[in-house]
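Enquirer: One structure coming up, written as structure tokens, with questions to follow.
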Amino acid sequence: MKTASCSVLLVFLLSLNSNAGIISLKACIEKSLTSSTAVSQAAQELRKAANDTGIYGAPFYPSIGLSFNDTLAGYDVNGNPVTPFTFYPDNYTAVLQANYNLFNMGKDTAKISYYRKKQEEAELRLASAKQEAAWNCIKSFYEVLKAQKALMVSEILLKQRQENLKLTESLYRAGIKSKSYFLDAQVQLANSNIAVIRGNNSVVAARAALNDLLGLAPDSETLLEDDLKFTKYEKSIGQALLSAFNNRPDWLILAKEKEESAVNLGLVESNLLPAVSLDASYGIYLDKYARDSSLWTHKGALDQNSGWALSLSLNYPIFDGGVNSLKAESAKIELKIFDIQEVSLKRFINKEVFLEWNDLDRIHKSVPVYEQQVGLSRESMEITRSKYREGTASFLELVDAEVNYSSAQINWYQSIYDYKSQTADLLKAMGVKLY
């Protein structure tokens, strides 16, 4: 179930600029789904579940079979010698027969119900695998953007430190600043170089993690589409919880497993009762029909060379060492285990949705604060830089102002990406499709 707010959040997924080689989040998610081994495995398991459903649906159709046996040498049914390797009605037997089970106390119905539920479970597991793959892709996507923005700020700070070194050197040469200022400027420049090196490494590592999800080589130059739009997610905590219990794959899977367990209990308990079965069959003896004469005159009547039967069978194990009773008890215990798991998962979902929603609300409130800090710290840095040129501010004050500004920039960028990433966390906890 997609909400309007979800659509607003993921609206930037819709573009892919192939000419510029920039990949959108939507394209990344689609690529991750095709590359995910977990998704591929879940798809194959769904195919198997569909086949199993077909297997256990077969008893609802009549079974038809043909048997044929030809005597190649020896004597036929009349005791006459058989000419070797001849094909003649007196030499072979052939039967075309159809069978159909009319009643078996609902066991076939229960079995097909069980395997249909298994197929539905497999469909949910495939959806869960896709959800997990999409979520991992979204998280990695924003980690790359965060690393790139941090690197960008570090590179800007590096240029500022290079300018500082030139300015400090000129002030030192002019006798306005001491040599220690000049040395400090060189130290700060070296620190900025180290920060850029680390930033590059962080980008490479984050991109390698994303490339792995996309099935690409770790060192592939993946260019991502950026987006700094900020839109508040409007769902209340109550709406988020309601969505979770209606849509979460793990909750739906557990419910389906519980249904399967209940069907299985009924099947096992049926083994404690007498087994009654009613079967119908009809057979045509093709060899008798063709064996009216050795000249193949085909004068045999079809109704005289066919037969049908309606059979009733009753089976009841008088003593089986208590096996069926123990199986029934195990099935009851399994159903109780699912009840306990249901309580446990319900508590977990309530806690997870609450925490994810609360974190999203916290980040939402933080973004404008970080944005304000960017403006304030930039203004402070510009004032401090002017004072430093005039000789009324120390180098340490300038360094602090530059660090505060770059930190504010990084925090602001990260808060936006964290909000988008955290929204994906909440949507996943709510069971809203991310792909």
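A note on labels: chains of the structure tokens are A, B, ... as shown, every chain counts residues from 1, and ligands are counted from 1 in their shown order.
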Taking the DSSP assignment computed from this structure's backbone, write out as a list in words all residues of segment 210-395 of chain A that belong to strand (DSSP E).
Expert: Leu223, Leu224, Ala275, Val276, Ser277, Leu278, Asp279, Ala280, Ser281, Tyr282, Gly283, Ile284, Tyr285, Ser306, Gly307, Trp308, Ala309, Leu310, Ser311, Leu312, Ser313, Leu314 and Asn315 of chain A
Enquirer: I need the chosen residues saved as a compact mmCIF listing (two decimals), in the first residue's frame, with C-alpha atoms.
Expert:
```txt
# COMPACT_ATOMS: atom_id res chain seq x y z
CA LEU A 223 27.56 8.23 -10.27
CA LEU A 224 24.45 8.80 -8.16
CA ALA A 275 -9.82 -44.01 7.04
CA VAL A 276 -12.71 -44.44 4.63
CA SER A 277 -12.13 -44.12 0.89
CA LEU A 278 -14.48 -44.47 -2.08
CA ASP A 279 -12.90 -45.01 -5.51
CA ALA A 280 -14.31 -45.42 -9.02
CA SER A 281 -12.49 -47.02 -11.95
CA TYR A 282 -13.18 -47.84 -15.57
CA GLY A 283 -10.98 -49.91 -17.86
CA ILE A 284 -10.95 -50.88 -21.52
CA TYR A 285 -9.10 -54.09 -22.42
CA SER A 306 -14.46 -53.19 -20.67
CA GLY A 307 -15.21 -53.04 -16.99
CA TRP A 308 -15.87 -50.61 -14.19
CA ALA A 309 -15.82 -50.78 -10.45
CA LEU A 310 -16.85 -48.79 -7.40
CA SER A 311 -14.82 -49.75 -4.35
CA LEU A 312 -15.08 -48.86 -0.69
CA SER A 313 -12.12 -49.30 1.62
CA LEU A 314 -11.79 -48.95 5.37
CA ASN A 315 -8.48 -48.83 7.19
```
Enquirer: Sorted by chain and rising residue number, which residues of segment 268-343 of chain A lie within 12 Å of segment 110-124 of chain A, and what are their closest atom pairs and distances in Å to one decimal, counting only C-alpha atoms, as JSON lines?
Expert:
```
{"residue": "A:Val268", "atom": "CA", "partner": "A:Ala110", "partner_atom": "CA", "distance": 10.6}
{"residue": "A:Glu269", "atom": "CA", "partner": "A:Ala110", "partner_atom": "CA", "distance": 11.9}
{"residue": "A:Ser270", "atom": "CA", "partner": "A:Ala110", "partner_atom": "CA", "distance": 10.4}
```
Enquirer: Write down as a VMD selection string the residues belonging to segment 90-185 of chain A that are assigned helix (DSSP H, G or I) by DSSP computed on the backbone.
Expert: chain A and resid 90 to 91 107 to 173 179 to 185
Enquirer: Set the distance at 8 Å and use only C-alpha atoms: which residues neighbour segment 324-341 of chain A once local chain neighbours fewer than 4 positions away are removed? I'd like the list as a compact mmCIF listing (two decimals) with N, CA, C and O atoms, in the first residue's frame.
Expert:
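Saved to around21.txt:
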```txt
# COMPACT_ATOMS: atom_id res chain seq x y z
N LEU A 254 4.18 -15.14 9.35
CA LEU A 254 3.89 -15.87 10.58
C LEU A 254 2.42 -16.28 10.63
O LEU A 254 2.11 -17.41 11.04
N GLU A 257 2.05 -19.21 8.33
CA GLU A 257 2.62 -20.42 8.92
C GLU A 257 1.69 -20.99 9.99
O GLU A 257 1.57 -22.21 10.14
N LYS A 258 1.04 -20.11 10.73
CA LYS A 258 0.10 -20.56 11.75
C LYS A 258 -1.11 -21.24 11.11
O LYS A 258 -1.59 -22.27 11.60
N SER A 261 -0.04 -24.63 10.07
CA SER A 261 0.06 -25.51 11.23
C SER A 261 -1.31 -26.03 11.64
O SER A 261 -1.45 -27.20 12.02
N ALA A 262 -2.33 -25.16 11.56
CA ALA A 262 -3.69 -25.58 11.92
C ALA A 262 -4.21 -26.64 10.94
O ALA A 262 -4.84 -27.63 11.34
N ASN A 264 -2.31 -28.66 9.16
CA ASN A 264 -1.51 -29.87 9.41
C ASN A 264 -2.02 -30.62 10.64
O ASN A 264 -2.06 -31.86 10.65
N LEU A 265 -2.44 -29.90 11.67
CA LEU A 265 -3.00 -30.54 12.86
C LEU A 265 -4.25 -31.33 12.51
O LEU A 265 -4.43 -32.47 12.97
N VAL A 268 -3.15 -34.55 10.72
CA VAL A 268 -2.57 -35.53 11.63
C VAL A 268 -3.65 -36.16 12.50
O VAL A 268 -3.66 -37.38 12.73
N GLU A 269 -4.58 -35.35 12.98
CA GLU A 269 -5.65 -35.89 13.83
C GLU A 269 -6.56 -36.83 13.05
O GLU A 269 -7.14 -37.75 13.64
N ASN A 271 -5.63 -39.04 11.12
CA ASN A 271 -5.02 -40.37 11.13
C ASN A 271 -5.39 -41.17 12.37
O ASN A 271 -5.14 -42.38 12.44
N LEU A 272 -5.98 -40.50 13.36
CA LEU A 272 -6.44 -41.21 14.56
C LEU A 272 -7.80 -41.83 14.36
O LEU A 272 -8.26 -42.63 15.19
N ASP A 320 -0.24 -48.80 16.64
CA ASP A 320 0.91 -48.30 15.88
C ASP A 320 2.01 -47.78 16.79
O ASP A 320 2.83 -46.97 16.38
N LEU A 345 6.44 -11.35 18.24
CA LEU A 345 6.62 -10.50 17.06
C LEU A 345 5.76 -9.24 17.18
O LEU A 345 6.19 -8.16 16.76
```
Enquirer: Do you know which residues are at most 7 Å from Glu143 of chain A counting only C-alpha atoms, after dropping those on the same chain fewer than 4 positions away, and could you put them as a PyMOL selection string?
Expert: chain A and resi 139+147+206
Enquirer: Store the residues of this selection in a file with all heavy atoms, as a PDB file, in the first residue's frame.
Expert:
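Result file is part-v6.pdb:
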```
ATOM      1  N   LYS A 139      19.717   2.371   1.845  1.00  0.00           N
ATOM      2  CA  LYS A 139      20.674   2.732   2.886  1.00  0.00           C
ATOM      3  C   LYS A 139      22.065   2.970   2.294  1.00  0.00           C
ATOM      4  O   LYS A 139      22.737   3.951   2.626  1.00  0.00           O
ATOM      5  CB  LYS A 139      20.736   1.622   3.942  1.00  0.00           C
ATOM      6  CG  LYS A 139      19.412   1.323   4.630  1.00  0.00           C
ATOM      7  CD  LYS A 139      18.967   2.457   5.525  1.00  0.00           C
ATOM      8  CE  LYS A 139      19.742   2.463   6.809  1.00  0.00           C
ATOM      9  NZ  LYS A 139      19.214   3.480   7.756  1.00  0.00           N
ATOM     10  N   ALA A 147      29.005  10.276   2.220  1.00  0.00           N
ATOM     11  CA  ALA A 147      30.464  10.250   2.123  1.00  0.00           C
ATOM     12  C   ALA A 147      30.963  11.263   1.089  1.00  0.00           C
ATOM     13  O   ALA A 147      31.983  11.930   1.293  1.00  0.00           O
ATOM     14  CB  ALA A 147      30.936   8.841   1.766  1.00  0.00           C
ATOM     15  N   ALA A 206      32.051   3.162   0.635  1.00  0.00           N
ATOM     16  CA  ALA A 206      30.587   3.234   0.527  1.00  0.00           C
ATOM     17  C   ALA A 206      30.127   2.843  -0.871  1.00  0.00           C
ATOM     18  O   ALA A 206      29.130   2.130  -1.040  1.00  0.00           O
ATOM     19  CB  ALA A 206      30.113   4.643   0.869  1.00  0.00           C
TER      20      ALA A 206
END
```
Enquirer: Taking only C-alpha atoms into account, produce a table as a Markdown table in which each residue of segment 223-292 of chain A with an atom at most 8 Å from an atom of segment 73-94 of chain A appears once, together with its shortest atom pair and the distance in Å to one decimal, ordered by chain and rising number.
Expert:
```
| residue | atom | partner | partner_atom | distance |
| --- | --- | --- | --- | --- |
| A:Tyr285 | CA | A:Ala94 | CA | 6.0 |
| A:Leu286 | CA | A:Ala94 | CA | 5.2 |
| A:Asp287 | CA | A:Thr93 | CA | 5.2 |
| A:Lys288 | CA | A:Pro89 | CA | 7.6 |
| A:Ala290 | CA | A:Pro89 | CA | 5.9 |
| A:Arg291 | CA | A:Pro89 | CA | 5.1 |
```
Enquirer: Please, could you write that set of residues out with all heavy atoms as an mmCIF file, in the first residue's frame?
Expert:
```cif
data_model
loop_
_atom_site.group_PDB
_atom_site.id
_atom_site.type_symbol
_atom_site.label_atom_id
_atom_site.label_comp_id
_atom_site.auth_asym_id
_atom_site.auth_seq_id
_atom_site.Cartn_x
_atom_site.Cartn_y
_atom_site.Cartn_z
ATOM 1 N N TYR A 285 -10.125 -53.085 -22.109
ATOM 2 C CA TYR A 285 -9.099 -54.087 -22.418
ATOM 3 C C TYR A 285 -8.928 -54.126 -23.930
ATOM 4 O O TYR A 285 -9.650 -54.832 -24.647
ATOM 5 C CB TYR A 285 -9.511 -55.443 -21.850
ATOM 6 C CG TYR A 285 -9.840 -55.357 -20.372
ATOM 7 C CD1 TYR A 285 -11.169 -55.285 -19.947
ATOM 8 C CD2 TYR A 285 -8.827 -55.309 -19.420
ATOM 9 C CE1 TYR A 285 -11.476 -55.162 -18.596
ATOM 10 C CE2 TYR A 285 -9.128 -55.189 -18.074
ATOM 11 C CZ TYR A 285 -10.453 -55.114 -17.669
ATOM 12 O OH TYR A 285 -10.761 -54.996 -16.339
ATOM 13 N N LEU A 286 -7.984 -53.353 -24.410
ATOM 14 C CA LEU A 286 -7.824 -53.146 -25.851
ATOM 15 C C LEU A 286 -7.437 -54.441 -26.575
ATOM 16 O O LEU A 286 -7.834 -54.652 -27.726
ATOM 17 C CB LEU A 286 -6.768 -52.064 -26.105
ATOM 18 C CG LEU A 286 -7.074 -50.685 -25.482
ATOM 19 C CD1 LEU A 286 -5.909 -49.751 -25.720
ATOM 20 C CD2 LEU A 286 -8.355 -50.114 -26.074
ATOM 21 N N ASP A 287 -6.685 -55.307 -25.893
ATOM 22 C CA ASP A 287 -6.277 -56.553 -26.564
ATOM 23 C C ASP A 287 -7.465 -57.475 -26.781
ATOM 24 O O ASP A 287 -7.602 -58.112 -27.830
ATOM 25 C CB ASP A 287 -5.193 -57.244 -25.735
ATOM 26 C CG ASP A 287 -5.635 -57.497 -24.308
ATOM 27 O OD1 ASP A 287 -6.191 -56.565 -23.677
ATOM 28 O OD2 ASP A 287 -5.422 -58.618 -23.823
ATOM 29 N N LYS A 288 -8.390 -57.522 -25.807
ATOM 30 C CA LYS A 288 -9.579 -58.374 -25.963
ATOM 31 C C LYS A 288 -10.479 -57.834 -27.059
ATOM 32 O O LYS A 288 -11.079 -58.581 -27.826
ATOM 33 C CB LYS A 288 -10.344 -58.444 -24.645
ATOM 34 C CG LYS A 288 -9.592 -59.183 -23.541
ATOM 35 C CD LYS A 288 -10.438 -59.247 -22.274
ATOM 36 C CE LYS A 288 -9.691 -59.983 -21.163
ATOM 37 N NZ LYS A 288 -10.509 -60.055 -19.923
ATOM 38 N N ALA A 290 -9.553 -56.241 -29.684
ATOM 39 C CA ALA A 290 -8.953 -56.478 -30.999
ATOM 40 C C ALA A 290 -8.786 -57.961 -31.307
ATOM 41 O O ALA A 290 -8.483 -58.330 -32.445
ATOM 42 C CB ALA A 290 -7.596 -55.796 -31.083
ATOM 43 N N ARG A 291 -8.973 -58.831 -30.278
ATOM 44 C CA ARG A 291 -8.656 -60.234 -30.453
ATOM 45 C C ARG A 291 -9.869 -61.058 -30.917
ATOM 46 O O ARG A 291 -9.968 -62.242 -30.641
ATOM 47 C CB ARG A 291 -8.117 -60.808 -29.147
ATOM 48 C CG ARG A 291 -7.338 -62.106 -29.335
ATOM 49 C CD ARG A 291 -6.916 -62.676 -28.008
ATOM 50 N NE ARG A 291 -5.989 -61.798 -27.351
ATOM 51 C CZ ARG A 291 -6.090 -61.426 -26.094
ATOM 52 N NH1 ARG A 291 -7.105 -61.843 -25.362
ATOM 53 N NH2 ARG A 291 -5.209 -60.611 -25.575
#
```
Enquirer: Between atom CA of Gly391 of chain A and atom CA of Ala195 of chain A, what is the distance in Å, rounded to a tenth?
Expert: 28.0 Å
Enquirer: Calculated over only C-alpha atoms, which of the candidates A:Gly215, A:Gly321, A:Pro249, A:Pro368 has the smallest distance to Ile29 of chain A?
Expert: A:Gly215
Enquirer: Using only C-alpha atoms, determine which residues lie at most 9 Å from Ala127 of chain A, disregarding the query and same-chain residues fewer than 6 positions distant; provide the list as a list in words.
Expert: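 Listed by chain and then number, they are Val39, Ala42, Pro249 and Lys433 of chain A.
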Enquirer: Grab the residues selected above and save them as a JSON list (two decimals), in the first residue's frame with C-alpha atoms.
Expert:
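Now in result_38.json:
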```
[["chain", "number", "residue", "atom", "x", "y", "z"],
["A", 39, "VAL", "CA", 15.55, -12.52, -4.31],
["A", 42, "ALA", "CA", 12.99, -16.75, -3.11],
["A", 249, "PRO", "CA", 5.84, -9.51, 5.32],
["A", 433, "LYS", "CA", 6.83, -1.37, -0.41]]
```
Enquirer: Of the candidates A:Phe354, A:Phe319, A:Tyr388, A:Trp135, which one gets nearest to Lys428 of chain A if we count only C-alpha atoms?
Expert: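 Of A:Phe354, A:Phe319, A:Tyr388, A:Trp135, the one nearest Lys428 of chain A, counting only C-alpha atoms, is A:Trp135.
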Enquirer: Nearest to Ile416 of chain A: which of A:Leu396, A:Ser180, A:Tyr289, A:Asp227 is it, counting only C-alpha atoms?
Expert: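 Closest to Ile416 of chain A of all the choices is A:Asp227.
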Enquirer: Taking 2 positions as the minimum chain separation for residues in the same chain, which residues sit within 10 Å of Leu360 of chain A when counting only C-alpha atoms? Answer as a list in words.
Expert: Lys232, Tyr233, Phe354, Leu355, Glu356, Trp357, Asn358, Arg362, Ile363, His364, Lys365, Ser366, Asp418, Tyr419, Lys420, Ser421, Gln422, Thr423, Ala424, Asp425 and Leu426 of chain A
